$ cat final-v7.cif   # mmCIF, C-alpha atoms
data_work
#
loop_
_atom_site.group_PDB
_atom_site.id
_atom_site.type_symbol
_atom_site.label_atom_id
_atom_site.label_comp_id
_atom_site.auth_asym_id
_atom_site.auth_seq_id
_atom_site.Cartn_x
_atom_site.Cartn_y
_atom_site.Cartn_z
ATOM 1 C CA MET A 11 98.421 112.504 82.838
ATOM 2 C CA THR A 12 101.020 110.933 85.087
ATOM 3 C CA GLU A 13 101.612 107.209 85.131
ATOM 4 C CA GLY A 14 102.040 105.641 88.526
ATOM 5 C CA HIS A 15 100.714 103.118 91.021
ATOM 6 C CA ILE A 16 97.633 103.083 93.180
ATOM 7 C CA TYR A 17 98.014 100.895 96.242
ATOM 8 C CA ILE A 18 96.604 99.442 99.437
ATOM 9 C CA LEU A 19 98.988 99.446 102.405
ATOM 10 C CA PHE A 20 98.511 97.822 105.798
ATOM 11 C CA ASN A 21 100.392 98.101 109.069
ATOM 12 C CA PRO A 22 99.941 95.365 111.721
ATOM 13 C CA ALA A 23 100.245 98.041 114.424
ATOM 14 C CA TYR A 24 97.013 99.666 113.236
ATOM 15 C CA ARG A 25 93.440 98.570 113.798
ATOM 16 C CA ALA A 26 91.977 95.704 111.816
ATOM 17 C CA ASN A 27 90.480 96.747 108.476
ATOM 18 C CA GLN A 28 92.322 100.089 108.507
ATOM 19 C CA TYR A 29 94.251 100.648 105.292
ATOM 20 C CA LYS A 30 96.214 103.423 103.655
ATOM 21 C CA ILE A 31 95.031 103.771 100.072
ATOM 22 C CA GLY A 32 96.723 106.227 97.763
ATOM 23 C CA MET A 33 99.039 106.698 94.803
ATOM 24 C CA THR A 34 102.730 107.078 94.045
ATOM 25 C CA THR A 35 104.835 107.777 90.981
ATOM 26 C CA ARG A 36 107.538 105.506 92.386
ATOM 27 C CA THR A 37 107.148 101.857 93.345
ATOM 28 C CA PRO A 38 104.618 100.960 96.055
ATOM 29 C CA GLU A 39 107.434 99.332 98.032
ATOM 30 C CA GLU A 40 109.407 102.576 98.061
ATOM 31 C CA ARG A 41 106.320 104.477 99.194
ATOM 32 C CA ALA A 42 105.629 101.928 101.958
ATOM 33 C CA ALA A 43 109.209 102.237 103.205
ATOM 34 C CA GLU A 44 108.975 106.030 103.149
ATOM 35 C CA ILE A 45 105.746 106.055 105.167
ATOM 36 C CA SER A 46 107.140 103.538 107.651
ATOM 37 C CA SER A 47 110.113 105.818 108.314
ATOM 38 C CA ALA A 48 108.016 108.985 108.501
ATOM 39 C CA THR A 49 105.364 107.695 110.916
ATOM 40 C CA GLY A 50 107.694 106.015 113.384
ATOM 41 C CA VAL A 51 105.291 103.135 114.058
ATOM 42 C CA PRO A 52 106.937 99.979 115.474
ATOM 43 C CA GLN A 53 106.089 97.841 112.438
ATOM 44 C CA ASN A 54 106.538 98.507 108.728
ATOM 45 C CA PHE A 55 103.787 99.080 106.213
ATOM 46 C CA GLU A 56 103.126 96.194 103.833
ATOM 47 C CA VAL A 57 101.950 96.465 100.222
ATOM 48 C CA LEU A 58 98.799 94.363 99.978
ATOM 49 C CA LEU A 59 97.862 95.260 96.416
ATOM 50 C CA SER A 60 98.962 97.702 93.731
ATOM 51 C CA ARG A 61 98.053 98.515 90.149
ATOM 52 C CA ARG A 62 100.015 100.596 87.643
ATOM 53 C CA VAL A 63 97.687 103.014 85.837
ATOM 54 C CA THR A 64 97.861 105.672 83.126
ATOM 55 C CA ASP A 65 96.784 108.540 85.429
ATOM 56 C CA CYS A 66 97.560 107.866 89.084
ATOM 57 C CA HIS A 67 96.332 111.294 90.303
ATOM 58 C CA ARG A 68 92.886 110.806 88.751
ATOM 59 C CA ALA A 69 92.734 107.215 89.961
ATOM 60 C CA GLU A 70 93.512 108.257 93.536
ATOM 61 C CA ARG A 71 90.883 110.999 93.407
ATOM 62 C CA LEU A 72 88.223 108.557 92.182
ATOM 63 C CA ILE A 73 89.122 105.978 94.827
ATOM 64 C CA HIS A 74 88.952 108.547 97.618
ATOM 65 C CA GLN A 75 85.570 109.721 96.344
ATOM 66 C CA ARG A 76 84.244 106.160 96.364
ATOM 67 C CA LEU A 77 85.590 105.560 99.881
ATOM 68 C CA ALA A 78 84.786 108.990 101.362
ATOM 69 C CA GLU A 79 82.307 107.687 103.923
ATOM 70 C CA HIS A 80 84.865 105.166 105.157
ATOM 71 C CA ARG A 81 87.590 107.718 105.854
ATOM 72 C CA SER A 82 89.371 107.097 109.152
ATOM 73 C CA GLY A 83 89.753 110.341 111.111
ATOM 74 C CA SER A 84 91.144 113.435 109.444
ATOM 75 C CA ASP A 85 93.838 111.697 107.402
ATOM 76 C CA ARG A 86 92.536 111.572 103.851
ATOM 77 C CA GLU A 87 94.405 108.397 102.879
ATOM 78 C CA PHE A 88 93.393 106.076 105.746
ATOM 79 C CA PHE A 89 90.139 104.180 105.484
ATOM 80 C CA GLN A 90 88.242 101.818 107.765
ATOM 81 C CA VAL A 91 86.816 99.315 105.305
ATOM 82 C CA SER A 92 86.771 95.611 104.538
ATOM 83 C CA LEU A 93 89.749 94.506 102.492
ATOM 84 C CA SER A 94 87.644 92.776 99.837
ATOM 85 C CA PHE A 95 85.638 95.984 99.284
ATOM 86 C CA ALA A 96 88.804 98.084 99.038
ATOM 87 C CA ILE A 97 90.298 95.658 96.507
ATOM 88 C CA ASP A 98 87.123 95.760 94.405
ATOM 89 C CA ILE A 99 87.159 99.576 94.353
ATOM 90 C CA LEU A 100 90.847 99.733 93.458
ATOM 91 C CA ASN A 101 90.463 97.215 90.630
ATOM 92 C CA GLU A 102 87.353 98.944 89.253
ATOM 93 C CA VAL A 103 89.013 102.365 89.228
ATOM 94 C CA ALA A 104 92.216 100.971 87.713
ATOM 95 C CA ALA A 105 90.227 99.408 84.873
ATOM 96 C CA ALA A 106 88.259 102.632 84.307
ATOM 97 C CA VAL A 107 91.318 104.904 84.273
ATOM 98 C CA GLY A 108 93.482 102.508 82.296
ATOM 99 C CA LEU A 109 95.904 99.817 83.380
ATOM 100 C CA ARG A 110 99.550 99.838 82.373
ATOM 101 C CA PRO A 111 101.860 96.805 82.295
ATOM 102 C CA GLU A 112 104.084 96.475 85.313
ATOM 103 C CA LYS A 113 107.680 97.396 84.602
ATOM 104 C CA PRO A 114 109.910 94.298 84.579
ATOM 105 C CA ALA A 115 112.038 93.792 87.637
ATOM 106 C CA VAL A 116 115.675 94.771 87.110
ATOM 107 C CA GLN A 117 117.662 91.580 86.725
ATOM 108 C CA GLU A 118 121.219 91.035 87.861
ATOM 109 C CA PRO A 119 123.592 90.326 84.924
ATOM 110 C CA SER A 120 124.566 87.025 86.521
ATOM 111 C CA ALA A 121 120.975 85.796 86.602
ATOM 112 C CA PRO A 122 119.499 86.327 83.116
ATOM 113 C CA MET A 123 117.058 83.452 83.550
ATOM 114 C CA ALA A 124 115.264 84.841 86.612
ATOM 115 C CA ASP A 125 111.497 85.154 86.265
ATOM 116 C CA THR A 126 110.202 88.648 85.608
ATOM 117 C CA VAL A 127 107.274 90.329 87.297
ATOM 118 C CA THR A 128 104.140 90.501 85.180
ATOM 119 C CA THR A 129 100.944 92.517 85.346
ATOM 120 C CA GLY A 130 98.678 91.690 88.281
ATOM 121 C CA ASP A 131 101.175 89.626 90.247
ATOM 122 C CA ILE A 132 101.703 91.499 93.513
ATOM 123 C CA ASP A 133 104.652 89.336 94.519
ATOM 124 C CA LEU A 134 107.478 91.531 93.235
ATOM 125 C CA VAL A 135 110.345 89.272 94.319
ATOM 126 C CA PRO A 136 112.015 87.616 91.298
ATOM 127 C CA ARG A 137 111.836 83.866 91.510
ATOM 128 C CA LYS A 138 114.450 81.263 90.812
ATOM 129 C CA PRO A 139 114.709 79.785 87.324
ATOM 130 C CA SER A 140 111.978 77.251 86.712
ATOM 131 C CA VAL A 141 111.053 74.490 84.344
ATOM 132 C CA GLY A 142 109.185 76.184 81.496
ATOM 133 C CA PRO A 143 105.429 75.781 81.084
ATOM 134 C CA GLN A 144 105.772 74.008 77.716
ATOM 135 C CA ARG A 145 107.881 71.257 79.230
ATOM 136 C CA ARG A 146 105.405 70.904 82.068
ATOM 137 C CA ARG A 147 102.560 70.525 79.583
ATOM 138 C CA GLN A 148 104.375 67.582 78.082
ATOM 139 C CA GLY A 149 104.135 65.703 81.357
ATOM 140 C CA THR A 150 107.387 66.581 83.125
ATOM 141 C CA PRO A 151 106.342 67.551 86.663
ATOM 142 C CA GLU A 152 109.774 67.257 88.242
ATOM 143 C CA GLY A 153 111.851 70.303 89.118
ATOM 144 C CA PRO A 154 111.017 73.685 90.641
ATOM 145 C CA ALA A 155 107.819 75.512 89.734
ATOM 146 C CA SER A 156 106.666 79.109 89.883
ATOM 147 C CA PHE A 157 103.334 80.882 89.918
ATOM 148 C CA GLU A 158 103.999 82.057 86.360
ATOM 149 C CA ASP A 159 104.325 78.422 85.243
ATOM 150 C CA HIS A 160 100.813 77.782 86.497
ATOM 151 C CA ILE A 161 99.507 80.995 84.916
ATOM 152 C CA ALA A 162 100.870 79.800 81.574
ATOM 153 C CA TYR A 163 99.253 76.386 82.047
ATOM 154 C CA ALA A 164 95.748 77.889 82.377
ATOM 155 C CA ASP A 165 93.889 79.166 79.329
ATOM 156 C CA ALA A 166 93.468 82.885 78.583
ATOM 157 C CA VAL A 167 90.080 83.104 80.326
ATOM 158 C CA ARG A 168 91.271 81.513 83.556
ATOM 159 C CA GLN A 169 94.606 83.368 83.831
ATOM 160 C CA PRO A 170 93.181 86.666 85.216
ATOM 161 C CA LEU A 171 90.909 84.687 87.547
ATOM 162 C CA LEU A 172 93.913 82.889 89.023
ATOM 163 C CA ARG A 173 95.763 86.175 89.501
ATOM 164 C CA GLU A 174 92.759 87.780 91.194
ATOM 165 C CA LEU A 175 92.262 84.809 93.506
ATOM 166 C CA ARG A 176 95.912 84.775 94.553
ATOM 167 C CA ASP A 177 95.940 88.563 95.062
ATOM 168 C CA HIS A 178 93.028 88.259 97.483
ATOM 169 C CA ILE A 179 94.659 85.421 99.419
ATOM 170 C CA LEU A 180 98.005 87.180 99.838
ATOM 171 C CA ALA A 181 96.263 90.398 100.866
ATOM 172 C CA ILE A 182 94.503 88.731 103.809
ATOM 173 C CA ASP A 183 97.645 88.423 105.933
ATOM 174 C CA GLY A 184 101.361 88.766 105.307
ATOM 175 C CA ARG A 185 102.020 85.335 106.772
ATOM 176 C CA LEU A 186 100.243 83.696 103.854
ATOM 177 C CA ARG A 187 102.893 84.923 101.446
ATOM 178 C CA SER A 188 105.673 83.122 103.329
ATOM 179 C CA GLY A 189 103.444 80.058 103.678
ATOM 180 C CA GLU A 190 102.727 79.758 99.964
ATOM 181 C CA VAL A 191 104.115 76.615 98.325
ATOM 182 C CA VAL A 192 104.023 76.330 94.524
ATOM 183 C CA THR A 193 104.365 72.709 93.453
ATOM 184 C CA PRO A 194 105.130 71.242 90.003
ATOM 185 C CA ARG A 195 101.768 69.561 89.430
ATOM 186 C CA GLN A 196 99.824 72.805 88.918
ATOM 187 C CA ARG A 197 99.103 73.196 92.621
ATOM 188 C CA ILE A 198 99.501 76.170 94.963
ATOM 189 C CA ALA A 199 99.222 75.275 98.647
ATOM 190 C CA TYR A 200 99.059 77.442 101.767
ATOM 191 C CA LYS A 201 100.152 76.696 105.312
ATOM 192 C CA VAL A 202 101.367 78.809 108.222
ATOM 193 C CA SER A 203 104.056 78.313 110.864
ATOM 194 C CA GLY A 204 105.075 74.872 109.682
ATOM 195 C CA GLY A 205 101.551 73.466 109.852
ATOM 196 C CA THR A 206 99.822 71.300 107.290
ATOM 197 C CA ASN A 207 98.185 72.616 104.139
ATOM 198 C CA PHE A 208 94.816 74.197 104.914
ATOM 199 C CA LEU A 209 94.139 75.615 101.441
ATOM 200 C CA GLU A 210 95.052 74.451 97.958
ATOM 201 C CA ILE A 211 94.529 75.775 94.452
ATOM 202 C CA LYS A 212 94.584 73.227 91.644
ATOM 203 C CA VAL A 213 95.110 74.849 88.249
ATOM 204 C CA GLN A 214 93.459 73.218 85.249
ATOM 205 C CA ARG A 215 93.375 74.539 81.711
ATOM 206 C CA ARG A 216 89.711 75.560 81.809
ATOM 207 C CA ALA A 217 89.006 75.676 85.533
ATOM 208 C CA ILE A 218 90.512 76.420 88.932
ATOM 209 C CA LEU A 219 89.746 74.143 91.871
ATOM 210 C CA ILE A 220 89.892 75.478 95.422
ATOM 211 C CA ARG A 221 90.242 72.853 98.145
ATOM 212 C CA LEU A 222 89.735 73.841 101.760
ATOM 213 C CA PRO A 223 88.628 72.441 105.144
ATOM 214 C CA GLU A 224 84.955 71.752 105.702
ATOM 215 C CA THR A 225 83.200 75.103 105.742
ATOM 216 C CA SER A 226 80.444 76.310 108.055
ATOM 217 C CA LEU A 227 79.354 79.100 105.707
ATOM 218 C CA VAL A 228 76.019 78.873 103.932
ATOM 219 C CA ASP A 229 76.461 77.573 100.393
ATOM 220 C CA ALA A 230 73.460 79.378 98.906
ATOM 221 C CA GLU A 231 74.276 78.491 95.298
ATOM 222 C CA GLU A 232 75.376 74.933 96.106
ATOM 223 C CA LYS A 233 78.789 75.359 94.511
ATOM 224 C CA VAL A 234 80.726 73.672 97.311
ATOM 225 C CA ARG A 235 81.107 69.945 96.803
ATOM 226 C CA LYS A 236 82.519 67.340 99.145
ATOM 227 C CA ILE A 237 85.816 65.744 98.219
ATOM 228 C CA PRO A 238 85.512 61.927 98.287
ATOM 229 C CA GLU A 239 87.413 60.427 101.214
ATOM 230 C CA THR A 240 89.069 58.013 98.808
ATOM 231 C CA HIS A 241 91.024 60.951 97.363
ATOM 232 C CA GLY A 242 92.904 61.263 100.649
ATOM 233 C CA TRP A 243 93.255 65.045 100.845
ATOM 234 C CA GLY A 244 93.715 65.132 104.638
ATOM 235 C CA ARG A 245 92.262 68.336 106.086
ATOM 236 C CA LEU A 246 90.871 69.423 102.736
ATOM 237 C CA LYS A 247 87.236 68.325 102.652
ATOM 238 C CA ASP A 248 85.442 70.829 100.386
ATOM 239 C CA GLU A 249 86.058 71.912 96.813
ATOM 240 C CA ILE A 250 84.859 74.899 94.781
ATOM 241 C CA ARG A 251 85.205 74.976 91.007
ATOM 242 C CA ILE A 252 85.985 78.353 89.410
ATOM 243 C CA SER A 253 85.373 78.958 85.730
ATOM 244 C CA SER A 254 84.300 82.617 85.643
ATOM 245 C CA ALA A 255 84.617 85.940 87.478
ATOM 246 C CA PRO A 256 81.316 85.438 89.375
ATOM 247 C CA ASP A 257 82.687 82.120 90.621
ATOM 248 C CA VAL A 258 85.705 83.925 92.092
ATOM 249 C CA LYS A 259 83.480 86.440 93.859
ATOM 250 C CA TYR A 260 81.335 83.625 95.276
ATOM 251 C CA ALA A 261 84.350 81.638 96.479
ATOM 252 C CA LEU A 262 86.213 84.482 98.205
ATOM 253 C CA PRO A 263 84.220 84.456 101.496
ATOM 254 C CA PHE A 264 84.894 80.724 101.842
ATOM 255 C CA VAL A 265 88.592 81.215 101.142
ATOM 256 C CA GLU A 266 88.893 84.145 103.552
ATOM 257 C CA ALA A 267 87.055 82.228 106.288
ATOM 258 C CA ALA A 268 89.462 79.300 105.923
ATOM 259 C CA CYS A 269 92.483 81.610 106.075
ATOM 260 C CA ARG A 270 91.284 83.572 109.093
ATOM 261 C CA THR A 271 90.320 80.418 110.978
ATOM 262 C CA GLU A 272 93.803 79.008 110.425
ATOM 263 C CA LEU A 273 95.514 82.262 111.398
ATOM 264 C CA LYS A 274 93.350 82.651 114.489
ATOM 265 C CA SER A 275 94.431 79.217 115.707
ATOM 266 C CA LEU A 276 97.996 80.547 115.877
ATOM 267 C CA ASP A 277 97.227 83.728 117.825
#

$ encode --input "final-v7.cif" --output "structure tokens"
Amino acid sequence: MTEGHIYILFNPAYRANQYKIGMTTRTPEERAAEISSATGVPQNFEVLLSRRVTDCHRAERLIHQRLAEHRSGSDREFFQVSLSFAIDILNEVAAAVGLRPEKPAVQEPSAPMADTVTTGDIDLVPRKPSVGPQRRRQGTPEGPASFEDHIAYADAVRQPLLRELRDHILAIDGRLRSGEVVTPRQRIAYKVSGGTNFLEIKVQRRAILIRLPETSLVDAEEKVRKIPETHGWGRLKDEIRISSAPDVKYALPFVEAACRTELKSLD
């Protein structure tokens, strides 16, 4: 068995919903850079999601078998498929083969306090030093915050749900990564091109609240509630409470619709 990463790559120069899905024994970022240079396309490939597994060759084979009918042309690693479906397949195969912890990012000697990358967090850029989660629990919201602070604030059940939710959001479009704002009061907000917040995640110990503009999607299970106007959340009118994995799956179409509507307004 060979440890390595399985990944989903996207290139803005390609068609919508066309992704390169494969494996590498190096880092996904190195593989993306290599493919970008080899193909000569005008834009670089982006890593949307990756998982480190115990047997990357077997994991890739299983993924390609599951996605065989969605293969794009003769290239065995390009697939025409919805992103949410591709992410589900990758996560299922990774769990079946066996996940491995992500290797910590190499830290510069002059910055020993920099945050390290942890399993499931696809943002591999080390963050600036932050106020620790324990201090934040004691009611000290001032100072910088990081995603890992908010992960630590949630309980053990909600932590993987928060990671999964954020992975899906960042995989929708690369612009959402640069528009992510992590605030001290257990909030993660999203905006694009200097606009106002159109999506917010509020992290609680035993729940995750998603706040978004009024949705036009059918709320079959009646899980979307209206935010009282007295709360003054501006554009954010609806709220979905997440306590379990099925809640995440139910909320994702609403989240993706909000993101794509906002991004479309900029095109």

$ residues_around --input "final-v7.cif" --residues "Leu222 (chain A)" --least-positions-apart "5" --cutoff "9 Å" --atoms "all atoms listed in the file" --output "ChimeraX atom specification"
/A:207-211,245-250,264-265,268

$ write_last_selection --input "final-v7.cif" --atoms "C-alpha atoms" --output "CSV table (one decimal), in the coordinates of the input"
chain,number,residue,atom,x,y,z
A,207,ASN,CA,98.2,72.6,104.1
A,208,PHE,CA,94.8,74.2,104.9
A,209,LEU,CA,94.1,75.6,101.4
A,210,GLU,CA,95.1,74.5,98.0
A,211,ILE,CA,94.5,75.8,94.5
A,245,ARG,CA,92.3,68.3,106.1
A,246,LEU,CA,90.9,69.4,102.7
A,247,LYS,CA,87.2,68.3,102.7
A,248,ASP,CA,85.4,70.8,100.4
A,249,GLU,CA,86.1,71.9,96.8
A,250,ILE,CA,84.9,74.9,94.8
A,264,PHE,CA,84.9,80.7,101.8
A,265,VAL,CA,88.6,81.2,101.1
A,268,ALA,CA,89.5,79.3,105.9

$ resolve_selection --input "final-v7.cif" --expression "the PyMOL selection byres ((chain A and resi 198) around 10)" --output "number ranges by chain"
A: 155-157, 160, 176, 190-197, 199-200, 207, 209-213, 220

$ resolve_selection --input "final-v7.cif" --expression "the PyMOL selection byres ((chain A and resi 252) around 9)" --output "list in words"
Arg168, Leu171, Arg216, Ala217, Ile218, Leu219, Ile220, Ile250, Arg251, Ser253, Ser254, Ala255, Pro256, Asp257, Val258 and Ala261 of chain A

$ closest_residue --input "final-v7.cif" --among "A:Arg61, A:Phe89, A:Cys66, A:Arg36" --to "Phe20 (chain A)" --atoms "all atoms listed in the file"
A:Phe89

$ atom_distance --input "final-v7.cif" --atom1 "CA of Pro22 (chain A)" --atom2 "CA of Phe55 (chain A)"
7.7 Å

$ resolve_selection --input "final-v7.cif" --expression "the PyMOL selection byres ((chain A and resi 64) around 10)" --output "PyMOL selection string"
chain A and resi 11-15+62-63+65-69+104+107-111

$ closest_residue --input "final-v7.cif" --among "A:Thr271, A:Asn27, A:Thr206, A:Gln214" --to "Ala162 (chain A)" --atoms "all atoms listed in the file"
A:Gln214

$ closest_residue --input "final-v7.cif" --among "A:Ile18, A:Ile31, A:Ala42, A:Leu276" --to "Ile182 (chain A)" --atoms "all atoms listed in the file"
A:Ile18

$ atom_distance --input "final-v7.cif" --atom1 "CA of Glu44 (chain A)" --atom2 "CA of Leu186 (chain A)"
24.0 Å

$ axis_aligned_box --input "final-v7.cif" --around "region 260-270 of chain A" --padding-each-side "5 Å" --output "lines of an AutoDock Vina configuration file"
center_x = 86.9
center_y = 81.9
center_z = 102.2
size_x = 21.1
size_y = 15.2
size_z = 23.8

$ residues_around --input "final-v7.cif" --residues "Gln90 (chain A)" --least-positions-apart "6" --cutoff "8 Å" --atoms "all atoms listed in the file" --output "PyMOL selection string"
chain A and resi 27-29+80-82

$ write_last_selection --input "final-v7.cif" --atoms "C-alpha atoms" --output "compact mmCIF listing (two decimals), in the frame of the given file"
# COMPACT_ATOMS: atom_id res chain seq x y z
CA ASN A 27 90.48 96.75 108.48
CA GLN A 28 92.32 100.09 108.51
CA TYR A 29 94.25 100.65 105.29
CA HIS A 80 84.86 105.17 105.16
CA ARG A 81 87.59 107.72 105.85
CA SER A 82 89.37 107.10 109.15

$ atom_distance --input "final-v7.cif" --atom1 "CA of Arg270 (chain A)" --atom2 "CA of Asp98 (chain A)"
19.5 Å

$ closest_residue --input "final-v7.cif" --among "A:Glu40, A:Glu87, A:Asp159, A:Glu272" --to "Arg185 (chain A)" --atoms "only C-alpha atoms"
A:Glu272

$ closest_residue --input "final-v7.cif" --among "A:Thr225, A:Thr35, A:Ser275, A:Asn101" --to "Gly205 (chain A)" --atoms "all atoms listed in the file"
A:Ser275

$ closest_residue --input "final-v7.cif" --among "A:Ala105, A:Val167, A:Ile73, A:Leu273" --to "Arg86 (chain A)" --atoms "all atoms listed in the file"
A:Ile73

$ build_atoms --input "final-v7.cif" --residues "region 161-180 of chain A" --atoms "N, CA and C atoms" --output "compact mmCIF listing (two decimals), in the coordinates of the input"
# COMPACT_ATOMS: atom_id res chain seq x y z
N ILE A 161 100.25 80.03 85.73
CA ILE A 161 99.51 81.00 84.92
C ILE A 161 99.54 80.57 83.45
N ALA A 162 100.71 80.20 82.97
CA ALA A 162 100.87 79.80 81.57
C ALA A 162 100.11 78.51 81.26
N TYR A 163 99.95 77.65 82.26
CA TYR A 163 99.25 76.39 82.05
C TYR A 163 97.76 76.61 81.82
N ALA A 164 97.17 77.60 82.52
CA ALA A 164 95.75 77.89 82.38
C ALA A 164 95.48 78.57 81.04
N ASP A 165 94.22 78.49 80.58
CA ASP A 165 93.89 79.17 79.33
C ASP A 165 93.71 80.66 79.57
N ALA A 166 93.50 81.42 78.50
CA ALA A 166 93.47 82.88 78.58
C ALA A 166 92.33 83.39 79.46
N VAL A 167 91.22 82.68 79.51
CA VAL A 167 90.08 83.10 80.33
C VAL A 167 90.38 82.92 81.81
N ARG A 168 91.03 81.83 82.15
CA ARG A 168 91.27 81.51 83.56
C ARG A 168 92.49 82.25 84.14
N GLN A 169 93.39 82.72 83.31
CA GLN A 169 94.61 83.37 83.83
C GLN A 169 94.31 84.57 84.73
N PRO A 170 93.47 85.54 84.31
CA PRO A 170 93.18 86.67 85.22
C PRO A 170 92.42 86.24 86.46
N LEU A 171 91.63 85.18 86.37
CA LEU A 171 90.91 84.69 87.55
C LEU A 171 91.89 84.15 88.58
N LEU A 172 92.90 83.43 88.11
CA LEU A 172 93.91 82.89 89.02
C LEU A 172 94.70 84.02 89.68
N ARG A 173 95.04 85.04 88.92
CA ARG A 173 95.76 86.18 89.50
C ARG A 173 94.91 86.87 90.57
N GLU A 174 93.64 87.10 90.25
CA GLU A 174 92.76 87.78 91.19
C GLU A 174 92.61 86.97 92.48
N LEU A 175 92.42 85.67 92.34
CA LEU A 175 92.26 84.81 93.51
C LEU A 175 93.50 84.86 94.39
N ARG A 176 94.67 84.75 93.78
CA ARG A 176 95.91 84.78 94.55
C ARG A 176 96.13 86.15 95.20
N ASP A 177 95.81 87.23 94.49
CA ASP A 177 95.94 88.56 95.06
C ASP A 177 95.12 88.69 96.34
N HIS A 178 93.90 88.19 96.31
CA HIS A 178 93.03 88.26 97.48
C HIS A 178 93.61 87.45 98.64
N ILE A 179 94.11 86.27 98.36
CA ILE A 179 94.66 85.42 99.42
C ILE A 179 95.86 86.09 100.07
N LEU A 180 96.79 86.57 99.28
CA LEU A 180 98.00 87.18 99.84
C LEU A 180 97.71 88.48 100.56
